[in-house]
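Asker: Take a look at the following structure, please.
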Amino acid sequence: MRSDLYSKAIEIIRAVYGEKAEFREGQYEAIESTLTHHRSLVVQKTGWGKSLVYFVCTKILRDSGHGATFVVSPLLALMENQLQAAAAFGLHSVVLNSSTKENRADDLEKIKSGRCDLVFITPETLFSDSVRSALPSIPIGLFVVDEAHCISDWGHDFRLEYTRLYRVIRKLPQTVSVLGTTATANDRVIEDLKHQLGENVYVSRGSLMRRSLSIQILLLPTPAERYAWMLHNIPNLPGSGIIYCLTQRDCDKLAAFLQENGINAKAYHSGMESAETEAAEQALRDDRLKVLVATVKLGMGYDKGNIAFIIHYQQPLNIVAYYQQIGRAGRNIERAYTFLMCGEEDCTIQDYFIDTAFPSEYEARSVYDVIRAHSENGISASQIEIYVNCRRNRVEKALMFLRNEEMIYKEGTKYFPTLHPFRYNREHYEQIKDIRKHEQQKMREFIHTKECLSRFIVNCLDDPTTDRCGICRNCLGYAEYPEHPDDAVLQLTQKYLERLIISIEPRKRFPNKEFTGSCIIDHPNQEGLCLSKYGDPGYGMMVKQGKYGTPNGFCEELIVKSVSILRDVVRKNDIDALTCVPSLRSSIVADLTMALADKLGLPFVQLLQKQGTRQQKDMENSNYQCRNAWDSFSVVSGTSDVPKRIILVDDIVDSGWTLTVCGYRLTQSGCEFVFPFALADSSENRSNQ
Amino acid sequence: MNHNSEVIIMLCSHLSSDTDCKPLTPSEWSGLADTLLQADLEPKALPDLSDSEFLDLKIGKEETQRIRGLLRQGANITFELEKYNSMGIYVVTRADAAYPKMLKYRLGKSCPPLFYYAGDLSLAKTKTIGFVGSRGADENDRRFTEKVAGTINKLGYSVVSGGAKGIDTIAGDASLKNGCAYIAYLADSMVKRIRSSDTIKAIQNGRVLLLSAVSPDTSFTAATAMMRNRYIYAQSEATVVVHSDYKKGGTWSGAADCLKHEICPELCWDNKDYRGNQELIKLGAVPITEDWNGEVPELSRKQEEFVQISFFD
């Protein structure tokens, strides 16, 4: 039996790779354990050949009449190379993820009729309604969980979607083989995965050291220094590469900067249209792009053999994530360069990710209570926001959490309570938070270590090697690329960053009909302008100091800069006057507006008044923000002769509801053109992925 | 979940919509279970049997193919199960120790291979009195039902019924109000049932157990409703017929069926205005009034010798 299986397996790889092909160490053992109804876990470095294991298994299973293999992977990118490799084995495969939605019905039909051998699918798509309803008529022979460490909430990259996946896996009958694969699991995660995959899990584990990657660490606190370093050094790097940022906004900003300064760069993140991301990815694949600026979502499942460099614009949350991300480089080339940049803002962003990974008990409880009260007919996410004063992304986080903890379920667009009572395991979530903090600490040690950097990483993954990579900054004893930016380039970059102005997108709809009887806003504001991102170096920091730091209000530099921007606006739009968003607590916005009006040679008119309500910044979602602004602002009674074309000034814009409601009040009393202007935008980066 | 149960679910549940492989009926499963028992095998051995081993068991080629086809549905059935599990609906099979014992005892081979359930399964071990009657109950029916429920609750019995409108619900609500439990064998739509706020609360408090032999999303059919009646009679120490039509409707056929097969002692409200009730009494149902003291009569014949139909009896 055993030798029979071996000869079948070796025959398959020899048909693909030639008569002399042999299995790499551990590959056949993994195939054998997978096919003899074991639960198997393969922990091997990128490039070891994990997919070969399930290709061969699929081939053998299909030849003996079993159902298709499902490969669940958090891939965002189309796995072109994977598909080609599968085709070489004579396997027909299909990819089901959010970007292949249009073909969904056809694809599912193909799978149902047994014409598909391999199905690559994201966990989100696996649990989507269309796939769920097709599944009962699809026999599955083998279940592969790619990036299996995502199942473990002890793992560095635990994903809530994966919780449901492991519930299914745990219940799969012994007749279905299960194979988990990962390149990044330490002892504890492996123990956890063994437990979650079921009984008698076979573990295949090999050395994790990647000999083709050289690592250099760059301590560059300010964005300008990092921008300048890249502008100066990327043209000198071989081939094409990837820059990883923690937020979508950073991707957009950095890609635009590189592009404008002559480096062929494109952004890539889940906030973009799928056509755009596909085009960007295709350009990289065809070597038409120098660099792709991406969030970590690109990391997993992305498979291009000749990525020659990877730059981290900020530190990843932990070393395992870092190892995973640099693992994309240097697969089929001798040498790839990786640079880890460490900025002053890294810790704040990391803390944000760590602290908001789980919803608070208050958020979870409030959302649950609303759903529990609507058990009979269910309730949609947007309706829930009417009852709960929480940010939309917090409501979404709470919904995901409640679903994974099986306290609610979703049918169509509605949520219903399950029969399981509400519970919140605070202790467990705190423990996980502590682990994340510890990992963050380990990352800091990494940055300052004098050891071989590659060895430091694989030791963190419990690979006990004492070898040195021989090519990192510490092994070489010198830096292969400069450790600081060129002064002239740095100055240019600083100028560039100061010039950046943000637009204020006008809101065109109310969150519901209760305000005017319709959701549509008849005469929305113009697209406005905002000087800076609140708290960012430069103007953003001046705004912060002006608001809370000094008694004298906003500094002259801010006023001068604002006037230089608004002069253009006034001329192009025939502006008649300036007005401002009123405040009950201080006059700094009125003072600012008066100063601006004075310098622009226009009248300042106080058209709006404010009633005492709650602070707008305590309102957490559109329903509450719009309601609060609606109750707060009105046109000063007895106002006649309202200027027709006006600039509406505020210091800080967040959700935009204050400007929207104020603009609406103004147009209702005769204004025809409202142009919003603010010093800083404090809205939370919509992207924190 | 034990591996025998896994196999029973793959073979007998209707969770897969692959129409090529028809799931086994209760009696087909019983037949197969007998065969396995005689060969000293457990269901979990089935996936690994070779062609010749199937032949040794005298299982024909076609039947072998059907069994193998059903066993290949493992993964997709698991997805469906997970969907229900996440709502709080689970499955108990004849291979589980927690399967309602009274049903095995009284229905033998015709008891369902598996039940979907929501709530505390151990309630099925409590002593219960069944209540059956029409959906359209009037004030008199209500008064009688609540009075009798009060009597049996005081004696420590819980209520078992079909969970339908009318008598079923009146009896169940009375039992909950009296601080006792309520078991309902549903004929359909378990998913809809667990959206009721009161049901969620009662289940979370461990007071209600819902069971259904058909998938939780199945809608009502007369046939499944008839089958379901038997489970009520089989579960109870005795069943009270509150109001039956004569020779028509589910209550009549269920009550007549119970008398014929002597599933459990049958009590019937001696209401002269209800022709169905009077006819059932003529057929052997024990007449009671609302002053009934709760004493349960014995069956006239001895129960059949108990047949082993699964692996935990």
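Ordering of the structure tokens sets the chain letters (A, B, ...); residue numbers start at 1 within each chain; ligands are numbered from 1 in the order shown.
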Hey, could you make a per-residue contact list for chain A against chain B with 8 Å as the cut-off, showing the nearest pair of atoms and its distance in Å to one decimal, counting only C-alpha atoms, sorted by chain and number, as a Markdown table?

Answerer:
```
| residue | atom | partner | partner_atom | distance |
| --- | --- | --- | --- | --- |
| A:His66 | CA | B:Arg72 | CA | 7.3 |
| A:Gly67 | CA | B:Arg72 | CA | 7.5 |
| A:Arg132 | CA | B:Phe79 | CA | 7.8 |
| A:Leu135 | CA | B:Asn76 | CA | 5.5 |
| A:Pro136 | CA | B:Ser16 | CA | 4.5 |
| A:Ser137 | CA | B:Asp18 | CA | 4.7 |
| A:Ile138 | CA | B:Asn76 | CA | 6.4 |
| A:Pro139 | CA | B:Gln73 | CA | 5.3 |
| A:Ile140 | CA | B:Ala75 | CA | 5.7 |
| A:Gly141 | CA | B:Arg72 | CA | 7.5 |
| A:Arg167 | CA | B:Glu82 | CA | 7.1 |
| A:Val168 | CA | B:Glu82 | CA | 6.0 |
| A:Lys171 | CA | B:Thr78 | CA | 6.4 |
| A:Leu172 | CA | B:Thr78 | CA | 5.8 |
| A:Pro173 | CA | B:Gly74 | CA | 6.0 |
| A:Gln174 | CA | B:His3 | CA | 7.6 |
| A:Thr175 | CA | B:Pro47 | CA | 6.8 |
| A:Val176 | CA | B:Ala75 | CA | 6.5 |
| A:Arg372 | CA | B:Ser197 | CA | 7.7 |
| A:Ala373 | CA | B:Ser197 | CA | 7.7 |
| A:Ser375 | CA | B:Arg195 | CA | 5.2 |
| A:Glu376 | CA | B:Arg195 | CA | 5.0 |
| A:Asn377 | CA | B:Arg195 | CA | 7.8 |
| A:Glu406 | CA | B:Ser86 | CA | 5.1 |
| A:Met407 | CA | B:Met87 | CA | 7.7 |
| A:Ile408 | CA | B:Met87 | CA | 7.2 |
| A:Tyr409 | CA | B:Met87 | CA | 6.4 |
| A:Phe416 | CA | B:Arg195 | CA | 7.4 |
| A:Pro417 | CA | B:Arg195 | CA | 7.5 |
| A:Thr418 | CA | B:Met87 | CA | 4.5 |
| A:Leu419 | CA | B:Gly88 | CA | 5.0 |
| A:His420 | CA | B:Gly88 | CA | 6.2 |
| A:Pro421 | CA | B:Gln204 | CA | 6.3 |
```

Asker: Stretch 677-681 of chain A: which residues within 6 Å, counting only C-alpha atoms, same-chain residues fewer than 2 positions away excluded, as a list of chain:residue names?

Answerer: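 Those residues are A:Gly528, A:Leu529, A:Cys530, A:Leu531, A:Ser532, A:Lys533, A:Tyr534, A:Val649, A:Asp650, A:Asp651, A:Ile652, A:Val653, A:Asp654, A:Ser683.
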
Asker: Do a neighbour search on B:Pro23 at 7 Å with only C-alpha atoms, toss out local chain neighbours closer than 6 positions, and write the hits as a CSV table (one decimal) with C-alpha atoms, in the first residue's frame.

Answerer:
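Contents of result-v5.csv, freshly written:
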```
chain,number,residue,atom,x,y,z
B,11,LEU,CA,-25.6,8.5,5.5
B,12,CYS,CA,-28.9,9.7,6.9
B,13,SER,CA,-29.2,13.5,7.0
B,14,HIS,CA,-30.7,15.5,4.2
```

Asker: Could you name the residues that touch A:Ile243 at 6 Å or less, counting only C-alpha atoms, but leaving out those on the same chain fewer than 4 positions away, as JSON, numbers by chain?

Answerer: {"A": [293, 310, 311, 312]}

Asker: Please produce a file of the residues just selected, as a PDB file, in the first residue's frame, where the atoms kept are N, CA, C and O atoms.

Answerer:
```pdb
ATOM      1  N   VAL A 293       3.549  50.019  -3.947  1.00  0.00           N
ATOM      2  CA  VAL A 293       3.457  50.482  -2.565  1.00  0.00           C
ATOM      3  C   VAL A 293       2.192  49.889  -1.967  1.00  0.00           C
ATOM      4  O   VAL A 293       1.083  50.269  -2.332  1.00  0.00           O
ATOM      5  N   ILE A 310      12.596  44.688  -0.963  1.00  0.00           N
ATOM      6  CA  ILE A 310      11.408  44.999  -0.166  1.00  0.00           C
ATOM      7  C   ILE A 310      11.803  46.039   0.862  1.00  0.00           C
ATOM      8  O   ILE A 310      12.817  45.903   1.554  1.00  0.00           O
ATOM      9  N   ILE A 311      11.000  47.123   0.893  1.00  0.00           N
ATOM     10  CA  ILE A 311      11.271  48.186   1.860  1.00  0.00           C
ATOM     11  C   ILE A 311      10.071  48.278   2.788  1.00  0.00           C
ATOM     12  O   ILE A 311       8.934  48.314   2.327  1.00  0.00           O
ATOM     13  N   HIS A 312      10.331  48.291   4.068  1.00  0.00           N
ATOM     14  CA  HIS A 312       9.247  48.544   5.024  1.00  0.00           C
ATOM     15  C   HIS A 312       9.283  50.008   5.413  1.00  0.00           C
ATOM     16  O   HIS A 312      10.238  50.462   6.032  1.00  0.00           O
TER      17      HIS A 312
END
```

Asker: Just give me the gap between atom CA of A:Asp486 and atom CA of A:Leu220 in Å, one decimal is fine.

Answerer: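 Separation between atom CA of A:Asp486 and atom CA of A:Leu220: 12.4 Å.
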
Asker: Check stretch 55-178 of chain B with DSSP on the backbone and list each residue it calls strand (DSSP E), as a PyMOL selection string.

Answerer: chain B and resi 90-93+114-119+128-133+158-161

Asker: For atom CA of A:Phe422 and atom CA of A:Ile371, determine how far apart the two atoms are, in Å to one decimal place.

Answerer: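 These atoms are spaced 11.4 Å apart.
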
Asker: Would you list the contacts of B:Thr93 as an MDAnalysis selection string, taking every protein, DNA or RNA residue within 8 Å and counting only C-alpha atoms, but skipping same-chain residues closer than 5 positions in sequence?

Answerer: chainID B and resid 5 8:9 99 113:115

Asker: Keeping only all heavy atoms, write the selected residues as a PDB file, in the first residue's frame.

Answerer:
```pdb
ATOM      1  N   SER B   5     -21.218   8.741  14.878  1.00  0.00           N
ATOM      2  CA  SER B   5     -22.220   9.768  14.588  1.00  0.00           C
ATOM      3  C   SER B   5     -21.933  10.459  13.257  1.00  0.00           C
ATOM      4  O   SER B   5     -22.848  10.729  12.470  1.00  0.00           O
ATOM      5  CB  SER B   5     -22.253  10.814  15.695  1.00  0.00           C
ATOM      6  OG  SER B   5     -23.004  10.341  16.776  1.00  0.00           O
ATOM      7  N   ILE B   8     -23.264   8.337  10.575  1.00  0.00           N
ATOM      8  CA  ILE B   8     -24.733   8.338  10.522  1.00  0.00           C
ATOM      9  C   ILE B   8     -25.238   9.626   9.863  1.00  0.00           C
ATOM     10  O   ILE B   8     -26.143   9.614   9.032  1.00  0.00           O
ATOM     11  CB  ILE B   8     -25.325   8.183  11.939  1.00  0.00           C
ATOM     12  CG1 ILE B   8     -24.965   6.795  12.489  1.00  0.00           C
ATOM     13  CG2 ILE B   8     -26.839   8.376  11.911  1.00  0.00           C
ATOM     14  CD1 ILE B   8     -25.460   6.536  13.896  1.00  0.00           C
ATOM     15  N   ILE B   9     -24.612  10.754  10.229  1.00  0.00           N
ATOM     16  CA  ILE B   9     -25.050  12.023   9.646  1.00  0.00           C
ATOM     17  C   ILE B   9     -24.808  12.031   8.142  1.00  0.00           C
ATOM     18  O   ILE B   9     -25.663  12.450   7.363  1.00  0.00           O
ATOM     19  CB  ILE B   9     -24.334  13.211  10.331  1.00  0.00           C
ATOM     20  CG1 ILE B   9     -24.807  13.324  11.783  1.00  0.00           C
ATOM     21  CG2 ILE B   9     -24.601  14.505   9.587  1.00  0.00           C
ATOM     22  CD1 ILE B   9     -23.987  14.269  12.634  1.00  0.00           C
ATOM     23  N   TYR B  99     -28.947  10.403  22.991  1.00  0.00           N
ATOM     24  CA  TYR B  99     -30.168  10.274  22.173  1.00  0.00           C
ATOM     25  C   TYR B  99     -31.347   9.910  23.082  1.00  0.00           C
ATOM     26  O   TYR B  99     -31.192   9.071  23.976  1.00  0.00           O
ATOM     27  CB  TYR B  99     -29.946   9.174  21.138  1.00  0.00           C
ATOM     28  CG  TYR B  99     -31.049   9.044  20.112  1.00  0.00           C
ATOM     29  CD1 TYR B  99     -30.991   9.712  18.901  1.00  0.00           C
ATOM     30  CD2 TYR B  99     -32.156   8.217  20.360  1.00  0.00           C
ATOM     31  CE1 TYR B  99     -31.998   9.584  17.960  1.00  0.00           C
ATOM     32  CE2 TYR B  99     -33.174   8.092  19.428  1.00  0.00           C
ATOM     33  CZ  TYR B  99     -33.088   8.779  18.231  1.00  0.00           C
ATOM     34  OH  TYR B  99     -34.089   8.644  17.299  1.00  0.00           O
ATOM     35  N   PRO B 113     -32.777   8.089  12.781  1.00  0.00           N
ATOM     36  CA  PRO B 113     -31.334   7.939  13.007  1.00  0.00           C
ATOM     37  C   PRO B 113     -30.732   9.172  13.675  1.00  0.00           C
ATOM     38  O   PRO B 113     -29.737   9.079  14.365  1.00  0.00           O
ATOM     39  CB  PRO B 113     -30.747   7.776  11.610  1.00  0.00           C
ATOM     40  CG  PRO B 113     -31.889   7.473  10.720  1.00  0.00           C
ATOM     41  CD  PRO B 113     -33.118   8.022  11.345  1.00  0.00           C
ATOM     42  N   LEU B 114     -31.349  10.339  13.433  1.00  0.00           N
ATOM     43  CA  LEU B 114     -30.791  11.542  14.052  1.00  0.00           C
ATOM     44  C   LEU B 114     -31.877  12.581  14.302  1.00  0.00           C
ATOM     45  O   LEU B 114     -32.918  12.592  13.645  1.00  0.00           O
ATOM     46  CB  LEU B 114     -29.695  12.145  13.166  1.00  0.00           C
ATOM     47  CG  LEU B 114     -30.038  12.534  11.742  1.00  0.00           C
ATOM     48  CD1 LEU B 114     -30.500  13.983  11.650  1.00  0.00           C
ATOM     49  CD2 LEU B 114     -28.805  12.345  10.858  1.00  0.00           C
ATOM     50  N   PHE B 115     -31.633  13.417  15.283  1.00  0.00           N
ATOM     51  CA  PHE B 115     -32.487  14.576  15.554  1.00  0.00           C
ATOM     52  C   PHE B 115     -31.642  15.835  15.520  1.00  0.00           C
ATOM     53  O   PHE B 115     -30.498  15.843  15.988  1.00  0.00           O
ATOM     54  CB  PHE B 115     -33.103  14.482  16.959  1.00  0.00           C
ATOM     55  CG  PHE B 115     -34.365  13.687  17.018  1.00  0.00           C
ATOM     56  CD1 PHE B 115     -34.397  12.448  17.652  1.00  0.00           C
ATOM     57  CD2 PHE B 115     -35.545  14.182  16.460  1.00  0.00           C
ATOM     58  CE1 PHE B 115     -35.572  11.709  17.720  1.00  0.00           C
ATOM     59  CE2 PHE B 115     -36.718  13.446  16.520  1.00  0.00           C
ATOM     60  CZ  PHE B 115     -36.739  12.207  17.152  1.00  0.00           C
TER      61      PHE B 115
END
```

Asker: Report, in Å with one decimal, the straight-line distance from atom CA of B:Thr126 to atom CA of B:Gly156.

Answerer: 8.9 Å

Asker: Compare A:Ala85, A:Val72, A:Leu602, A:Cys390 by their minimum atom-to-atom distance to A:Gly49, counting only C-alpha atoms, and give me the closest one.

Answerer: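 Going through A:Ala85, A:Val72, A:Leu602, A:Cys390 one by one, the smallest distance to A:Gly49 is for A:Ala85.
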
Asker: Of the candidates A:Ala336, A:Leu608, A:Ile349, A:Ala185, which shows the shortest atom-to-atom distance to A:Leu461, using only C-alpha atoms?

Answerer: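 The answer is A:Ala185, which sits nearest to A:Leu461.
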